[in-house]
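As provided, query-v7.pdb (PDB, C-alpha atoms, pLDDT in the B column) reads as follows.
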```pdb
ATOM      1  CA  MET A 230     -16.121  15.559 -20.234  1.00 38.00           C
ATOM      2  CA  LYS A 231     -13.004  17.312 -21.503  1.00 39.00           C
ATOM      3  CA  LEU A 232     -11.052  19.344 -18.985  1.00 36.00           C
ATOM      4  CA  SER A 233      -8.088  21.604 -19.084  1.00 38.00           C
ATOM      5  CA  HIS A 234      -5.564  20.887 -16.388  1.00 37.00           C
ATOM      6  CA  PRO A 235      -4.773  23.667 -13.963  1.00 40.00           C
ATOM      7  CA  PRO A 236      -1.218  24.925 -14.440  1.00 41.00           C
ATOM      8  CA  VAL A 237       1.318  23.065 -12.335  1.00 38.00           C
ATOM      9  CA  GLU A 238       3.642  25.348 -10.473  1.00 42.00           C
ATOM     10  CA  LYS A 239       6.977  23.985  -9.357  1.00 40.00           C
ATOM     11  CA  ALA A 240       7.309  25.166  -5.795  1.00 39.00           C
ATOM     12  CA  GLU A 241      10.644  26.493  -4.600  1.00 45.00           C
ATOM     13  CA  ILE A 242      11.120  23.937  -1.847  1.00 46.00           C
ATOM     14  CA  LYS A 243      14.130  21.877  -0.819  1.00 57.00           C
ATOM     15  CA  LEU A 244      13.553  18.289  -1.895  1.00 56.00           C
ATOM     16  CA  TYR A 245      15.720  15.241  -1.415  1.00 62.00           C
ATOM     17  CA  PRO A 246      16.792  13.512  -4.675  1.00 68.00           C
ATOM     18  CA  PHE A 247      14.226  10.706  -4.391  1.00 64.00           C
ATOM     19  CA  GLN A 248      11.473  13.274  -3.734  1.00 66.00           C
ATOM     20  CA  GLN A 249      12.561  15.362  -6.731  1.00 70.00           C
ATOM     21  CA  TYR A 250      12.664  12.235  -8.895  1.00 66.00           C
ATOM     22  CA  THR A 251       9.099  11.381  -7.845  1.00 69.00           C
ATOM     23  CA  LEU A 252       8.022  14.914  -8.653  1.00 66.00           C
ATOM     24  CA  ASP A 253       9.683  14.768 -12.094  1.00 69.00           C
ATOM     25  CA  ARG A 254       8.286  11.301 -12.762  1.00 66.00           C
ATOM     26  CA  PHE A 255       4.780  12.519 -11.932  1.00 64.00           C
ATOM     27  CA  HIS A 256       5.083  15.364 -14.436  1.00 61.00           C
ATOM     28  CA  ASP A 257       6.270  12.851 -17.074  1.00 60.00           C
ATOM     29  CA  VAL A 258       3.284  10.510 -16.613  1.00 56.00           C
ATOM     30  CA  ARG A 259       0.726  13.144 -15.631  1.00 54.00           C
ATOM     31  CA  SER A 260      -1.373  12.762 -18.787  1.00 51.00           C
ATOM     32  CA  VAL A 261      -1.591   8.966 -18.317  1.00 51.00           C
ATOM     33  CA  LEU A 262      -2.563   9.094 -14.645  1.00 51.00           C
ATOM     34  CA  ILE A 263      -4.980  11.966 -14.964  1.00 49.00           C
ATOM     35  CA  GLY A 264      -5.949  12.048 -18.613  1.00 48.00           C
ATOM     36  CA  ASP A 265      -8.242  14.590 -20.186  1.00 47.00           C
ATOM     37  CA  GLU A 266     -11.338  13.234 -18.474  1.00 48.00           C
ATOM     38  CA  VAL A 267     -12.256  12.606 -14.851  1.00 46.00           C
ATOM     39  CA  GLU A 268     -12.524   8.830 -14.531  1.00 51.00           C
ATOM     40  CA  PRO A 269     -12.640   6.451 -11.574  1.00 48.00           C
ATOM     41  CA  GLY A 270      -9.159   5.401 -10.518  1.00 53.00           C
ATOM     42  CA  LYS A 271      -7.409   8.505 -11.859  1.00 57.00           C
ATOM     43  CA  LEU A 272      -5.545  11.066  -9.756  1.00 66.00           C
ATOM     44  CA  TYR A 273      -7.155  14.288 -10.937  1.00 63.00           C
ATOM     45  CA  GLY A 274      -6.014  17.381  -9.051  1.00 66.00           C
ATOM     46  CA  LEU A 275      -3.240  15.642  -7.080  1.00 73.00           C
ATOM     47  CA  PRO A 276      -0.970  18.257  -5.427  1.00 79.00           C
ATOM     48  CA  ILE A 277       2.224  16.305  -6.020  1.00 79.00           C
ATOM     49  CA  GLU A 278       4.516  18.783  -4.241  1.00 80.00           C
ATOM     50  CA  SER A 279       2.575  18.365  -1.027  1.00 83.00           C
ATOM     51  CA  PHE A 280       2.573  14.594  -1.481  1.00 84.00           C
ATOM     52  CA  VAL A 281       6.344  14.174  -1.863  1.00 85.00           C
ATOM     53  CA  ARG A 282       7.059  16.302   1.219  1.00 85.00           C
ATOM     54  CA  LYS A 283       5.399  13.602   3.324  1.00 88.00           C
ATOM     55  CA  ILE A 284       7.913  10.906   2.312  1.00 88.00           C
ATOM     56  CA  ALA A 285      11.070  10.196   4.334  1.00 87.00           C
ATOM     57  CA  LEU A 286      13.919   7.837   3.470  1.00 86.00           C
ATOM     58  CA  SER A 287      14.691   5.067   5.986  1.00 85.00           C
ATOM     59  CA  GLU A 288      18.028   3.350   6.576  1.00 83.00           C
ATOM     60  CA  MET A 289      16.671   0.134   5.031  1.00 83.00           C
ATOM     61  CA  GLY A 290      15.890   1.878   1.735  1.00 85.00           C
ATOM     62  CA  CYS A 291      12.153   2.196   2.343  1.00 88.00           C
ATOM     63  CA  TRP A 292      10.334   5.430   1.600  1.00 89.00           C
ATOM     64  CA  ILE A 293       8.353   5.882   4.806  1.00 90.00           C
ATOM     65  CA  TRP A 294       5.059   7.774   4.647  1.00 91.00           C
ATOM     66  CA  THR A 295       5.044  10.439   7.384  1.00 90.00           C
ATOM     67  CA  GLY A 296       1.575  11.791   6.624  1.00 89.00           C
ATOM     68  CA  ALA A 297      -1.776  10.609   7.943  1.00 89.00           C
ATOM     69  CA  LEU A 298      -2.584   6.934   8.402  1.00 87.00           C
ATOM     70  CA  GLY A 299      -5.826   5.379   7.199  1.00 82.00           C
ATOM     71  CA  GLY A 300      -8.567   3.798   9.289  1.00 75.00           C
ATOM     72  CA  SER A 301      -6.572   0.599   9.819  1.00 71.00           C
ATOM     73  CA  GLY A 302      -3.727   2.608  11.352  1.00 73.00           C
ATOM     74  CA  PHE A 303      -1.136   0.876   9.157  1.00 81.00           C
ATOM     75  CA  TYR A 304      -1.292   2.253   5.629  1.00 88.00           C
ATOM     76  CA  GLY A 305      -0.550   5.875   4.789  1.00 89.00           C
ATOM     77  CA  THR A 306      -3.357   7.870   3.235  1.00 89.00           C
ATOM     78  CA  PHE A 307      -3.363  11.118   1.311  1.00 88.00           C
ATOM     79  CA  ALA A 308      -6.381  13.364   0.766  1.00 86.00           C
ATOM     80  CA  TRP A 309      -6.616  16.437  -1.413  1.00 82.00           C
ATOM     81  CA  ARG A 310      -9.214  18.926  -2.549  1.00 81.00           C
ATOM     82  CA  TYR A 311      -9.697  20.336  -6.027  1.00 75.00           C
ATOM     83  CA  GLU A 312     -12.283  22.266  -7.949  1.00 74.00           C
ATOM     84  CA  LEU A 313     -14.043  20.873 -11.003  1.00 70.00           C
ATOM     85  CA  ASN A 314     -16.660  22.797 -12.983  1.00 73.00           C
ATOM     86  CA  GLY A 315     -17.192  25.140 -10.063  1.00 76.00           C
ATOM     87  CA  TYR A 316     -17.742  22.337  -7.543  1.00 77.00           C
ATOM     88  CA  LYS A 317     -15.321  21.616  -4.733  1.00 79.00           C
ATOM     89  CA  ARG A 318     -14.368  17.977  -4.570  1.00 77.00           C
ATOM     90  CA  LYS A 319     -12.208  15.769  -2.384  1.00 81.00           C
ATOM     91  CA  GLN A 320     -10.256  12.661  -3.244  1.00 80.00           C
ATOM     92  CA  GLN A 321      -8.450  10.302  -0.885  1.00 83.00           C
ATOM     93  CA  ARG A 322      -6.147   7.402  -1.739  1.00 85.00           C
ATOM     94  CA  PRO A 323      -3.679   5.130   0.038  1.00 88.00           C
ATOM     95  CA  ALA A 324      -0.211   6.667  -0.352  1.00 91.00           C
ATOM     96  CA  HIS A 325       1.439   3.468  -1.594  1.00 91.00           C
ATOM     97  CA  ILE A 326      -1.112   3.206  -4.405  1.00 88.00           C
ATOM     98  CA  ILE A 327      -0.364   6.785  -5.517  1.00 87.00           C
ATOM     99  CA  THR A 328       3.372   6.093  -5.771  1.00 88.00           C
ATOM    100  CA  TYR A 329       2.717   2.777  -7.506  1.00 88.00           C
ATOM    101  CA  MET A 330       0.605   4.568 -10.109  1.00 85.00           C
ATOM    102  CA  ILE A 331       3.219   7.296 -10.594  1.00 82.00           C
ATOM    103  CA  TYR A 332       6.004   4.791 -11.267  1.00 84.00           C
ATOM    104  CA  HIS A 333       4.211   1.793 -12.780  1.00 84.00           C
ATOM    105  CA  GLY A 334       0.951   3.220 -14.152  1.00 79.00           C
ATOM    106  CA  LEU A 335      -2.545   1.909 -13.615  1.00 79.00           C
ATOM    107  CA  TYR A 336      -2.821  -1.628 -12.281  1.00 81.00           C
ATOM    108  CA  PRO A 337      -5.376  -4.289 -13.304  1.00 82.00           C
ATOM    109  CA  ARG A 338      -8.807  -4.111 -11.741  1.00 80.00           C
ATOM    110  CA  HIS A 339      -9.307  -6.432  -8.737  1.00 85.00           C
ATOM    111  CA  TYR A 340      -5.555  -6.565  -8.075  1.00 88.00           C
ATOM    112  CA  GLN A 341      -3.950  -5.379  -4.846  1.00 89.00           C
ATOM    113  CA  ILE A 342      -0.636  -3.620  -4.252  1.00 90.00           C
ATOM    114  CA  ASP A 343       1.685  -5.792  -2.159  1.00 90.00           C
ATOM    115  CA  HIS A 344       4.631  -4.535  -0.083  1.00 88.00           C
ATOM    116  CA  TRP A 345       7.665  -6.766  -0.629  1.00 84.00           C
ATOM    117  CA  CYS A 346       9.397  -5.215   2.372  1.00 84.00           C
ATOM    118  CA  ARG A 347       6.390  -5.981   4.643  1.00 82.00           C
ATOM    119  CA  ILE A 348       6.433  -2.397   5.994  1.00 86.00           C
ATOM    120  CA  HIS A 349       2.927  -1.015   5.543  1.00 87.00           C
ATOM    121  CA  SER A 350       3.972   2.638   5.660  1.00 89.00           C
ATOM    122  CA  CYS A 351       6.538   2.144   2.855  1.00 90.00           C
ATOM    123  CA  VAL A 352       5.712   3.875  -0.422  1.00 91.00           C
ATOM    124  CA  CYS A 353       8.906   2.988  -2.330  1.00 90.00           C
ATOM    125  CA  PRO A 354       7.866   1.934  -5.855  1.00 89.00           C
ATOM    126  CA  ASP A 355      10.598  -0.735  -5.973  1.00 90.00           C
ATOM    127  CA  HIS A 356       8.983  -2.448  -2.958  1.00 91.00           C
ATOM    128  CA  LEU A 357       5.471  -2.501  -4.440  1.00 92.00           C
ATOM    129  CA  GLU A 358       3.939  -5.039  -6.808  1.00 92.00           C
ATOM    130  CA  ALA A 359       0.423  -5.546  -8.179  1.00 91.00           C
ATOM    131  CA  VAL A 360      -0.746  -9.067  -7.296  1.00 90.00           C
ATOM    132  CA  THR A 361      -3.987 -11.014  -7.040  1.00 88.00           C
ATOM    133  CA  PRO A 362      -5.770 -10.967  -3.670  1.00 84.00           C
ATOM    134  CA  GLY A 363      -4.897 -14.656  -3.177  1.00 80.00           C
ATOM    135  CA  GLU A 364      -1.202 -14.027  -3.778  1.00 83.00           C
ATOM    136  CA  ASN A 365      -1.275 -11.011  -1.453  1.00 81.00           C
ATOM    137  CA  GLN A 366      -2.848 -13.119   1.296  1.00 76.00           C
ATOM    138  CA  ARG A 367      -0.345 -15.939   0.709  1.00 77.00           C
ATOM    139  CA  ARG A 368       2.517 -13.484   1.204  1.00 78.00           C
ATOM    140  CA  GLY A 369       0.870 -11.755   4.167  1.00 72.00           C
ATOM    141  CA  ASN A 370       0.795 -12.396   7.910  1.00 61.00           C
ATOM    142  CA  ASN A 371      -0.522 -15.949   7.612  1.00 55.00           C
ATOM    143  CA  GLY A 372       1.137 -16.552   4.263  1.00 57.00           C
ATOM    144  CA  ASP A 373       3.385 -19.329   2.987  1.00 57.00           C
ATOM    145  CA  LEU A 374       6.493 -17.129   2.942  1.00 63.00           C
ATOM    146  CA  LYS A 375       6.717 -17.030   6.743  1.00 70.00           C
ATOM    147  CA  THR A 376       9.106 -19.589   8.216  1.00 78.00           C
ATOM    148  CA  GLN A 377       8.035 -19.316  11.867  1.00 80.00           C
ATOM    149  CA  CYS A 378       5.024 -18.333  13.950  1.00 82.00           C
ATOM    150  CA  VAL A 379       4.775 -15.163  16.051  1.00 79.00           C
ATOM    151  CA  ASN A 380       6.162 -17.071  19.058  1.00 85.00           C
ATOM    152  CA  GLY A 381       9.217 -18.254  17.128  1.00 86.00           C
ATOM    153  CA  HIS A 382       8.206 -21.900  16.544  1.00 89.00           C
ATOM    154  CA  PRO A 383       9.440 -23.071  13.114  1.00 87.00           C
ATOM    155  CA  TYR A 384       6.895 -23.902  10.420  1.00 83.00           C
ATOM    156  CA  THR A 385       7.828 -27.494   9.691  1.00 85.00           C
ATOM    157  CA  GLU A 386       5.545 -30.192   8.280  1.00 84.00           C
ATOM    158  CA  ASP A 387       4.988 -31.741  11.710  1.00 89.00           C
ATOM    159  CA  ASN A 388       4.284 -28.344  13.353  1.00 88.00           C
ATOM    160  CA  ILE A 389       1.696 -26.909  10.930  1.00 86.00           C
ATOM    161  CA  TYR A 390      -2.061 -27.194  11.362  1.00 84.00           C
ATOM    162  CA  TYR A 391      -4.095 -26.318   8.251  1.00 79.00           C
ATOM    163  CA  ASP A 392      -7.526 -24.919   9.078  1.00 74.00           C
ATOM    164  CA  LYS A 393      -9.471 -25.689   5.907  1.00 72.00           C
ATOM    165  CA  ARG A 394     -12.683 -24.100   7.158  1.00 72.00           C
ATOM    166  CA  ARG A 395     -11.082 -20.698   7.826  1.00 67.00           C
ATOM    167  CA  GLY A 396      -8.493 -21.072   5.053  1.00 64.00           C
ATOM    168  CA  PHE A 397      -5.152 -20.538   6.811  1.00 69.00           C
ATOM    169  CA  ARG A 398      -2.428 -22.375   8.679  1.00 75.00           C
ATOM    170  CA  GLU A 399      -1.203 -22.052  12.226  1.00 82.00           C
ATOM    171  CA  CYS A 400       1.458 -23.443  14.509  1.00 88.00           C
ATOM    172  CA  ARG A 401       0.440 -26.733  16.182  1.00 91.00           C
ATOM    173  CA  LYS A 402       2.368 -25.894  19.376  1.00 92.00           C
ATOM    174  CA  CYS A 403       0.651 -22.486  19.709  1.00 90.00           C
ATOM    175  CA  ARG A 404      -2.743 -24.057  18.907  1.00 89.00           C
ATOM    176  CA  TYR A 405      -2.186 -26.755  21.553  1.00 91.00           C
ATOM    177  CA  ASP A 406      -1.185 -24.115  24.140  1.00 91.00           C
ATOM    178  CA  ALA A 407      -4.284 -22.033  23.330  1.00 89.00           C
ATOM    179  CA  VAL A 408      -6.579 -25.064  23.748  1.00 90.00           C
ATOM    180  CA  GLN A 409      -4.915 -25.897  27.102  1.00 92.00           C
ATOM    181  CA  ARG A 410      -5.417 -22.313  28.346  1.00 90.00           C
ATOM    182  CA  TYR A 411      -9.073 -22.463  27.270  1.00 87.00           C
ATOM    183  CA  ARG A 412      -9.621 -25.785  29.081  1.00 91.00           C
ATOM    184  CA  GLU A 413      -8.059 -24.392  32.277  1.00 89.00           C
ATOM    185  CA  VAL A 414     -10.513 -21.500  32.301  1.00 85.00           C
ATOM    186  CA  MET A 415     -13.493 -23.756  31.665  1.00 74.00           C
TER     187      MET A 415
END
```
Please lay out the structure from this file as C-alpha cells.
Amino acid sequence: MKLSHPPVEKAEIKLYPFQQYTLDRFHDVRSVLIGDEVEPGKLYGLPIESFVRKIALSEMGCWIWTGALGGSGFYGTFAWRYELNGYKRKQQRPAHIITYMIYHGLYPRHYQIDHWCRIHSCVCPDHLEAVTPGENQRRGNNGDLKTQCVNGHPYTEDNIYYDKRRGFRECRKCRYDAVQRYREVM
C-alpha cells in the first residue's frame, strides 16, 4: 500500500556533532529505510530526533545508548508509536540495529549485528558489522578471539577443553576446579 510520509520537522534542539550527523544521515537515507510501503524490517514512523537524544559519546569512542534496555538487560531498545491509516501502531527495535540501518542500510536476512568493541550498549556504526550467527558466536563470550578465560587462565593448546556436545570450549583448569568443588559437595 502506498503511503505519504508525514512531514519531518527539524526540532530546535542542541545536538552534538555526531548526533546531528546521524540525524542528517537518516534524512539522506530515509526513502531507503522506510520506502513508500510498510514492509517488515523497515523503520516506518521513526522519530529520529528523539532517538539521537538518547545517544552519548564515551571516552573510548563508543556511542553509548542511554535509553531503555531490552529484556536481556544488555542491548539498548527503542520503541515508538505512529499512526497508519487511522490505526495507532507501535514498533520496537534494538538501538544498535537502527543505527546500523541508518549508516549501512538493510542487512541480509538471517544475519546478526556484531559489536566489534564488545560493549552491548554501543550504537556506533563504525563498531557494528553484519555477520552470520556462527561468526557472531565465534567472536562472542565463548568465541575464538578470547585469549584467556574469565579467571585469567590463558587459552593455550594444553589448557583448552573442547565440549563437542555443547559446541564450545572452556578452560581446563577452571573445569577441573569446578569438578573438584562438585565432588566435595557430593
Would you work out the distance separating atom CA of A:Ser287 from atom CA of A:Val360, expressed in Å to one decimal? 24.8 Å
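Checking A:Tyr340, A:His349, A:Phe303, A:Cys378 one by one against A:Thr361, counting all atoms listed in the file, you find the shortest gap at A:Tyr340.
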Taking all atoms listed in the file into account, which of A:Tyr336, A:Tyr390, A:Phe280, A:Tyr411 comes nearest A:Ala308? A:Phe280
Please provide as a PyMOL selection string all residues within 12 Å of A:Pro383, with the sequence filter that same-chain residues fewer than 3 positions apart are discarded (counting all atoms listed in the file). chain A and resi 375-380+386-389+399-403
For A:Gly363: contacts at 10 Å, all atoms listed in the file, fewer than 4 positions along chain excluded, given as a list of chain:residue names: A:Tyr340, A:Gln341, A:Arg367, A:Arg368, A:Gly369, A:Gly372
Output of the above residues as a PDB file, keeping the file's coordinate frame, restricted to C-alpha atoms:
```pdb
ATOM      1  CA  TYR A 340      -5.555  -6.565  -8.075  1.00 88.00           C
ATOM      2  CA  GLN A 341      -3.950  -5.379  -4.846  1.00 89.00           C
ATOM      3  CA  ARG A 367      -0.345 -15.939   0.709  1.00 77.00           C
ATOM      4  CA  ARG A 368       2.517 -13.484   1.204  1.00 78.00           C
ATOM      5  CA  GLY A 369       0.870 -11.755   4.167  1.00 72.00           C
ATOM      6  CA  GLY A 372       1.137 -16.552   4.263  1.00 57.00           C
TER       7      GLY A 372
END
```
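One distance worth recording is that between atom CA of A:Ala285 and atom CA of A:Arg338, which is 29.3 Å.
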Mind giving me the straight-line distance from atom CA of A:Cys353 to atom CA of A:Ile293 in Å, one decimal? 7.7 Å
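Using all atoms listed in the file, the nearest neighbour of A:Lys319 within the list A:Val281, A:Pro337, A:Gly302, A:Pro276 is A:Pro276.
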Taking all atoms of stretch 339-353 of chain A that appear in the file, build a box with edges along x, y and z, extend it by 4 Å on every side, and state its centre and edge lengths in Å to one decimal, as AutoDock Vina command-line options.
```
--center_x 0.0 --center_y -1.4 --center_z -1.4 --size_x 26.7 --size_y 18.6 --size_z 22.7
```
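Here the PyMOL selection byres ((chain A and resi 346) around 10) matches the residues Met289, Gly290, Cys291, Asp343, His344, Trp345, Arg347, Ile348, His349, Cys351, Cys353, Asp355, His356 and Leu357 of chain A.
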From the options A:Ser350, A:Gly381, A:Glu358, A:Gln320, which residue's atoms come nearest to A:Leu335, counting all atoms listed in the file?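 Closest to A:Leu335 of all the choices is A:Glu358.
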Distance criterion (only C-alpha atoms): nearest to A:Gly299 out of A:Leu313, A:Ile331, A:Ala324, A:Ile342: A:Ala324
Evaluate the PyMOL selection byres ((chain A and resi 282) around 9) here and jot the selected residues down as a ChimeraX atom specification. /A:244,248,277-281,283-285,295-296
